[in-house]
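The next block is upload_9.txt, given as compact mmCIF, C-alpha atoms.
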# COMPACT_ATOMS: atom_id res chain seq x y z
CA MET A 1 93.90 154.93 86.91
CA ALA A 2 90.20 154.17 86.65
CA ILE A 3 87.43 156.67 87.31
CA CYS A 4 85.17 155.09 89.92
CA ILE A 5 81.43 155.85 89.89
CA THR A 6 79.25 154.54 92.72
CA ILE A 7 75.52 154.40 92.02
CA THR A 8 73.90 154.88 95.39
CA SER A 9 70.71 155.94 97.10
CA THR A 10 69.43 155.91 100.65
CA LYS A 11 66.09 154.85 99.14
CA GLY A 12 65.44 151.40 97.68
CA GLY A 13 63.61 150.55 94.47
CA VAL A 14 64.99 153.38 92.33
CA ASP A 15 66.54 151.20 89.58
CA LYS A 16 70.17 151.64 90.59
CA THR A 17 71.06 148.26 89.07
CA THR A 18 69.43 149.01 85.71
CA LEU A 19 71.24 152.34 85.54
CA THR A 20 74.59 150.75 86.50
CA ALA A 21 74.35 147.96 83.94
CA ASN A 22 73.23 150.12 81.04
CA LEU A 23 75.71 152.89 81.75
CA GLY A 24 78.53 150.34 81.87
CA ALA A 25 77.42 148.73 78.61
CA TYR A 26 77.17 152.09 76.84
CA LEU A 27 80.63 153.10 78.02
CA ALA A 28 82.03 149.77 76.78
CA ASP A 29 80.49 150.43 73.36
CA LEU A 30 82.23 153.81 73.40
CA GLY A 31 85.51 151.91 73.56
CA GLN A 32 86.07 152.31 77.30
CA THR A 33 87.19 149.34 79.37
CA ALA A 34 84.54 149.12 82.09
CA LEU A 35 84.16 147.04 85.24
CA LEU A 36 80.88 146.47 87.06
CA VAL A 37 81.11 145.75 90.80
CA ASP A 38 77.99 144.20 92.35
CA ALA A 39 77.99 145.36 95.98
CA ASP A 40 74.38 144.37 96.61
CA PRO A 41 73.55 141.08 98.39
CA GLN A 42 70.64 140.76 95.95
CA PRO A 43 72.84 139.90 92.95
CA THR A 44 70.70 141.36 90.16
CA LEU A 45 73.64 143.10 88.48
CA SER A 46 75.61 139.84 88.53
CA SER A 47 73.09 138.20 86.18
CA PHE A 48 72.08 141.28 84.16
CA PHE A 49 74.29 140.31 81.20
CA PRO A 50 75.43 136.78 80.24
CA LEU A 51 78.96 135.76 81.21
CA ARG A 52 81.53 134.18 78.92
CA HIS A 53 83.89 133.56 81.85
CA ARG A 54 82.96 133.23 85.52
CA ALA A 55 85.79 133.79 87.99
CA SER A 56 86.15 131.43 90.93
CA GLY A 57 85.61 134.30 93.39
CA GLY A 58 83.68 137.53 93.65
CA LEU A 59 83.03 140.40 96.03
CA THR A 60 83.42 138.33 99.22
CA ARG A 61 86.92 137.22 98.27
CA LEU A 62 87.81 140.78 97.33
CA MET A 63 86.41 142.45 100.45
CA VAL A 64 87.09 139.86 103.17
CA GLU A 65 90.38 138.38 101.97
CA ALA A 66 91.60 141.50 100.13
CA ALA A 67 92.48 139.06 97.34
CA THR A 68 92.48 140.32 93.76
CA ALA A 69 93.32 137.05 91.97
CA ASP A 70 90.51 135.51 89.90
CA VAL A 71 87.71 137.81 91.08
CA ILE A 72 86.97 139.39 87.69
CA SER A 73 84.44 137.70 85.43
CA GLN A 74 83.90 138.60 81.78
CA THR A 75 80.51 139.39 80.29
CA THR A 76 79.67 138.56 76.70
CA LEU A 77 79.91 142.28 75.94
CA GLU A 78 83.32 143.34 74.74
CA ARG A 79 85.28 145.50 77.23
CA LEU A 80 82.70 144.96 80.02
CA ASP A 81 83.78 142.87 83.04
CA LEU A 82 82.18 142.09 86.39
CA VAL A 83 82.97 141.41 90.04
CA TYR A 84 79.90 139.42 90.98
CA SER A 85 78.02 139.38 94.27
CA ASP A 86 78.42 136.05 96.08
CA ASP A 87 76.82 136.97 99.40
CA PRO A 88 73.14 135.98 99.15
CA ASP A 89 72.67 135.97 102.94
CA GLY A 90 73.99 139.52 103.33
CA LYS A 91 76.75 138.48 105.75
CA LEU A 92 79.26 140.67 103.97
CA ARG A 93 77.18 143.70 104.88
CA ASP A 94 78.40 143.44 108.47
CA ALA A 95 81.75 141.78 107.79
CA VAL A 96 83.43 144.76 106.15
CA ASP A 97 86.04 145.89 108.67
CA GLY A 98 87.49 148.81 106.78
CA ARG A 99 85.49 151.57 105.12
CA VAL A 100 88.39 152.54 102.83
CA ARG A 101 89.50 148.99 101.93
CA LEU A 102 87.58 148.88 98.66
CA LYS A 103 88.99 152.22 97.52
CA HIS A 104 92.56 151.04 98.04
CA LEU A 105 91.91 147.65 96.40
CA LEU A 106 90.38 149.21 93.30
CA GLY A 107 93.38 151.49 92.94
CA ARG A 108 95.71 148.50 92.47
CA PRO A 109 96.18 146.01 89.62
CA PRO A 110 94.27 144.43 88.01
CA PHE A 111 91.60 147.10 88.59
CA ALA A 112 93.79 150.06 87.70
CA GLN A 113 93.80 148.87 84.05
CA TYR A 114 90.14 149.85 83.57
CA ASP A 115 89.02 153.22 82.29
CA ILE A 116 85.84 153.26 84.41
CA ILE A 117 84.58 151.23 87.38
CA LEU A 118 80.87 151.30 88.24
CA ILE A 119 79.73 150.08 91.68
CA ASP A 120 76.12 149.08 92.31
CA THR A 121 74.96 149.32 95.93
CA GLN A 122 72.13 148.17 98.14
CA GLY A 123 69.57 150.59 99.52
CA ALA A 124 70.31 149.81 103.19
CA VAL A 125 72.81 151.97 105.04
CA GLY A 126 75.72 149.97 106.43
CA PRO A 127 79.46 149.23 106.20
CA LEU A 128 79.25 147.80 102.67
CA GLN A 129 77.43 150.84 101.31
CA ASP A 130 79.88 153.09 103.16
CA ALA A 131 82.82 151.27 101.55
CA ALA A 132 81.30 151.68 98.08
CA VAL A 133 80.65 155.39 98.65
CA ALA A 134 84.18 155.93 99.97
CA ALA A 135 85.62 154.26 96.85
CA ALA A 136 83.92 156.67 94.46
CA ASP A 137 85.37 159.59 92.55
CA ILE A 138 81.78 160.52 91.65
CA LEU A 139 78.49 159.45 93.24
CA LEU A 140 75.46 159.04 90.99
CA SER A 141 71.99 158.78 92.48
CA PRO A 142 68.68 158.16 90.65
CA ILE A 143 65.80 160.21 92.09
CA PRO A 144 62.07 159.52 91.64
CA PRO A 145 60.37 162.58 90.12
CA GLU A 146 58.05 163.34 93.05
CA ILE A 147 58.91 166.27 95.26
CA LEU A 148 58.31 164.34 98.51
CA SER A 149 60.67 161.59 97.34
CA ALA A 150 63.12 164.27 96.23
CA ARG A 151 63.05 165.89 99.66
CA GLU A 152 63.58 162.51 101.29
CA PHE A 153 66.52 161.98 98.93
CA VAL A 154 68.03 165.31 99.96
CA ARG A 155 67.63 164.64 103.69
CA GLY A 156 69.04 161.12 103.49
CA THR A 157 71.88 162.05 101.18
CA VAL A 158 72.97 165.11 103.16
CA THR A 159 72.98 162.98 106.31
CA MET A 160 75.09 160.34 104.57
CA LEU A 161 77.59 162.86 103.19
CA GLU A 162 78.03 164.51 106.58
CA ARG A 163 78.45 161.17 108.34
CA LEU A 164 81.11 160.00 105.90
CA ARG A 165 82.98 163.29 105.51
CA PRO A 166 85.64 162.31 108.14
CA MET A 167 86.81 159.58 105.74
CA ALA A 168 88.85 162.29 104.05
CA PHE A 169 91.31 161.91 106.93
CA LEU A 170 91.75 158.25 105.91
CA GLY A 171 92.56 159.16 102.32
CA ALA A 172 89.01 158.71 101.01
CA PRO A 173 87.36 162.11 100.53
CA ILE A 174 83.72 161.78 99.50
CA GLY A 175 83.29 162.61 95.84
CA PRO A 176 80.74 165.01 94.37
CA LEU A 177 77.20 163.68 94.02
CA ARG A 178 75.21 163.88 90.79
CA GLY A 179 71.47 163.34 91.04
CA ILE A 180 69.46 162.18 88.03
CA LEU A 181 65.68 162.24 87.74
CA TYR A 182 64.57 158.70 86.98
CA ARG A 183 61.35 157.31 85.45
CA LEU A 184 60.10 160.74 84.41
CA ASP A 185 56.75 160.44 82.64
CA ARG A 186 55.44 162.75 79.92
CA SER A 187 52.96 164.50 82.20
CA ARG A 188 55.71 166.00 84.31
CA ASP A 189 57.73 169.09 83.64
CA ALA A 190 61.31 167.86 84.05
CA ARG A 191 62.73 171.36 84.18
CA ARG A 192 60.31 172.49 86.93
CA ILE A 193 60.96 169.42 89.06
CA ALA A 194 64.72 169.66 88.57
CA GLU A 195 64.78 173.35 89.51
CA GLU A 196 62.74 172.72 92.64
CA LEU A 197 65.02 169.85 93.56
CA ARG A 198 68.07 172.06 93.03
CA ARG A 199 66.63 174.60 95.46
CA GLU A 200 65.87 171.86 97.98
CA ALA A 201 69.37 170.41 97.68
CA TYR A 202 71.72 173.37 97.35
CA LEU A 203 71.70 174.95 100.80
CA PRO A 204 71.41 171.76 102.91
CA SER A 205 74.22 170.12 100.93
CA LYS A 206 76.26 173.33 100.68
CA GLY A 207 76.49 172.79 96.94
CA ALA A 208 77.70 169.18 97.18
CA ILE A 209 74.66 167.82 95.29
CA THR A 210 74.26 168.64 91.59
CA ILE A 211 71.14 167.70 89.67
CA LEU A 212 71.92 166.69 86.10
CA GLU A 213 70.12 168.16 83.10
CA THR A 214 69.61 164.66 81.70
CA ALA A 215 66.55 162.77 82.96
CA ILE A 216 65.71 159.09 82.39
CA PRO A 217 62.15 158.84 81.01
CA ALA A 218 59.63 156.28 82.23
CA SER A 219 59.68 153.63 79.51
CA VAL A 220 59.08 149.90 79.22
CA VAL A 221 62.17 149.54 77.02
CA TYR A 222 64.45 149.40 80.07
CA ARG A 223 62.53 146.44 81.48
CA GLU A 224 62.24 144.78 78.08
CA ALA A 225 65.95 145.11 77.37
CA ALA A 226 66.74 143.60 80.79
CA THR A 227 64.47 140.65 79.97
CA TYR A 228 66.51 140.02 76.82
CA ARG A 229 69.74 140.67 78.79
CA THR A 230 70.84 143.22 76.24
CA PRO A 231 72.02 146.84 76.66
CA VAL A 232 69.07 149.19 76.37
CA HIS A 233 70.89 151.57 73.99
CA ARG A 234 71.17 148.71 71.49
CA PHE A 235 67.54 147.74 72.07
CA ASP A 236 66.01 151.22 71.67
CA ARG A 237 67.67 153.34 68.97
CA ARG A 238 64.54 154.95 67.49
CA ARG A 239 64.35 158.65 66.73
CA GLY A 240 61.19 160.52 67.70
CA ALA A 241 59.56 163.07 69.96
CA THR A 242 60.53 161.14 73.09
CA PRO A 243 64.26 160.54 73.57
CA SER A 244 65.28 156.96 72.91
CA ALA A 245 67.43 155.04 75.39
CA LEU A 246 70.35 155.65 73.03
CA ASP A 247 69.70 159.42 73.09
CA THR A 248 69.33 159.41 76.88
CA LEU A 249 72.55 157.52 77.60
CA GLU A 250 74.44 159.66 75.11
CA ALA A 251 73.27 162.79 76.96
CA LEU A 252 74.06 161.27 80.37
CA VAL A 253 77.59 160.29 79.39
CA ALA A 254 78.18 163.74 77.87
CA GLU A 255 77.35 165.29 81.27
CA LEU A 256 79.28 162.81 83.40
CA PHE A 257 82.31 162.39 81.13
CA PRO A 258 82.63 165.48 78.92
CA HIS A 259 86.05 164.31 77.74
CA LEU A 260 84.58 161.25 75.96
CA LYS A 261 83.27 160.96 72.43
CA THR A 262 79.64 159.94 72.99
CA SER A 263 78.80 157.95 69.83
CA PRO A 264 79.14 154.17 70.36
CA THR A 265 81.80 152.39 68.32
CA SER A 266 79.76 149.19 68.33
CA SER A 267 76.06 148.50 67.97
CA GLY A 268 76.42 144.88 68.94
CA GLU A 269 74.92 143.84 65.62
This structure in C-alpha cells:
Amino acid sequence: MAICITITSTKGGVDKTTLTANLGAYLADLGQTALLVDADPQPTLSSFFPLRHRASGGLTRLMVEAATADVISQTTLERLDLVYSDDPDGKLRDAVDGRVRLKHLLGRPPFAQYDIILIDTQGAVGPLQDAAVAAADILLSPIPPEILSAREFVRGTVTMLERLRPMAFLGAPIGPLRGILYRLDRSRDARRIAEELRREAYLPSKGAITILETAIPASVVYREAATYRTPVHRFDRRRGATPSALDTLEALVAELFPHLKTSPTSSGE
C-alpha cells in the first residue's frame, strides 16, 4: 500500500509543484516507486519532466469516470510515473462529486503497487483540493518565511483542517500536516522564524501542524533545474557553506520518511 503525500497550501505561488516534482524524483533515485498526480488545472507538474510514454487518459478520466485503465504515464526517470492534468479549463474543479473518491481509487490497483504517491494541488479551495487533501496520509505545505505569510498560512490551514475533519466519518481522516519553510534566504534566521511559526501554529491547530526542521533555501538552482527538466538534486550536488539541493532533499526525506535510506542509488549520469 502506497504512502500518499499531498502537497497543499491555501496560498498560491509557494512552489508546490517544484517541491512535488523534485521530492518525487529524489525518492525514485532512492529506489522507491513513485507516482506524481497533477491535480492542478494549470498542468505545470505534467510537463516538469519529459515523458517516455503518455497514457491516453489522465486525471479527468480517473476522477470523473473512476477509470484506472491507461491513466498512468511514464516519465523518462526510472521508477517515476505520472497521472497528468488534462483539465485546462478547470471544469474538473467543480465536477468532483465525491470528496473521498480519490482516496479510494488510489488504494486500488494499479496505484497500490507504488511505494509513494505525491499529489500536487491548486491554490484555490474547492472540491478538487478537498479530494486531494482527503486522499493524503501526510499533508506537506511550503510556507514563505515571512511571519505575516506564516500567520496567514496558519489561519487558512486551521480553517481547512476543521472544515474537512468530518471526512473521518467517510473513512478519510485528515492526515497530519508538515509545514516546511520555503525560499529561505541567508539573511533570515531559520530557527527563529520556525520557532515563532511553531508558537503561532500549535494552539490554533491543537498540535495538528508540525513545522519541519528542514528548510528549502532561496536558490536559483531550483528554477535552473526546472528549465533543463532535470531533478534538482542531480543538478546541484556541490558541498559548501550553503546546503546544496542534494543536501536539502536528503534532510527532508529523512524527516518525512525516517525508515528510508536517504542516499540516492542513481545519479542519473
Q. Quick one: residues within 12 Å of Leu170 in chain A, all atoms listed in the file counted, chain neighbours fewer than 2 positions away excluded, as a count of residues only?
A. 16
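Straight-line separation from CA of Gly240 in chain A to CA of Leu23 in chain A: 21.6 Å.
Across the model, the gap from CA of Tyr222 in chain A to CA of Thr262 in chain A is 19.8 Å.
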Q: For each of A:Leu177, A:Leu80, A:Leu128, A:Leu139, take the minimum atom-to-atom distance to Ile3 in chain A, counting all atoms listed in the file, then give the residue where this is smallest.
A: A:Leu139
Could you name the residues that touch range 189-199 of chain A at 8 Å or less, counting all atoms listed in the file, but leaving out those on the same chain fewer than 3 positions away, as a PDB file with C-alpha atoms, in the frame of the given file?
ATOM      1  CA  PRO A 145      60.370 162.580  90.120  1.00  0.00           C
ATOM      2  CA  GLU A 146      58.050 163.340  93.050  1.00  0.00           C
ATOM      3  CA  ILE A 147      58.910 166.270  95.260  1.00  0.00           C
ATOM      4  CA  ALA A 150      63.120 164.270  96.230  1.00  0.00           C
ATOM      5  CA  ARG A 151      63.050 165.890  99.660  1.00  0.00           C
ATOM      6  CA  LEU A 181      65.680 162.240  87.740  1.00  0.00           C
ATOM      7  CA  LEU A 184      60.100 160.740  84.410  1.00  0.00           C
ATOM      8  CA  ARG A 186      55.440 162.750  79.920  1.00  0.00           C
ATOM      9  CA  TYR A 202      71.720 173.370  97.350  1.00  0.00           C
ATOM     10  CA  LEU A 203      71.700 174.950 100.800  1.00  0.00           C
ATOM     11  CA  THR A 210      74.260 168.640  91.590  1.00  0.00           C
ATOM     12  CA  ILE A 211      71.140 167.700  89.670  1.00  0.00           C
ATOM     13  CA  GLU A 213      70.120 168.160  83.100  1.00  0.00           C
ATOM     14  CA  ALA A 215      66.550 162.770  82.960  1.00  0.00           C
TER      15      ALA A 215
END
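For the atom pair formed by CA of Ile7 in chain A and CA of Ala132 in chain A, the distance is 8.8 Å, given to one decimal.
Here the question is which of A:Leu260, A:Ala28, A:Ala2, A:Leu161 gets nearest to Phe111 in chain A using all atoms listed in the file, and that residue is A:Ala2.
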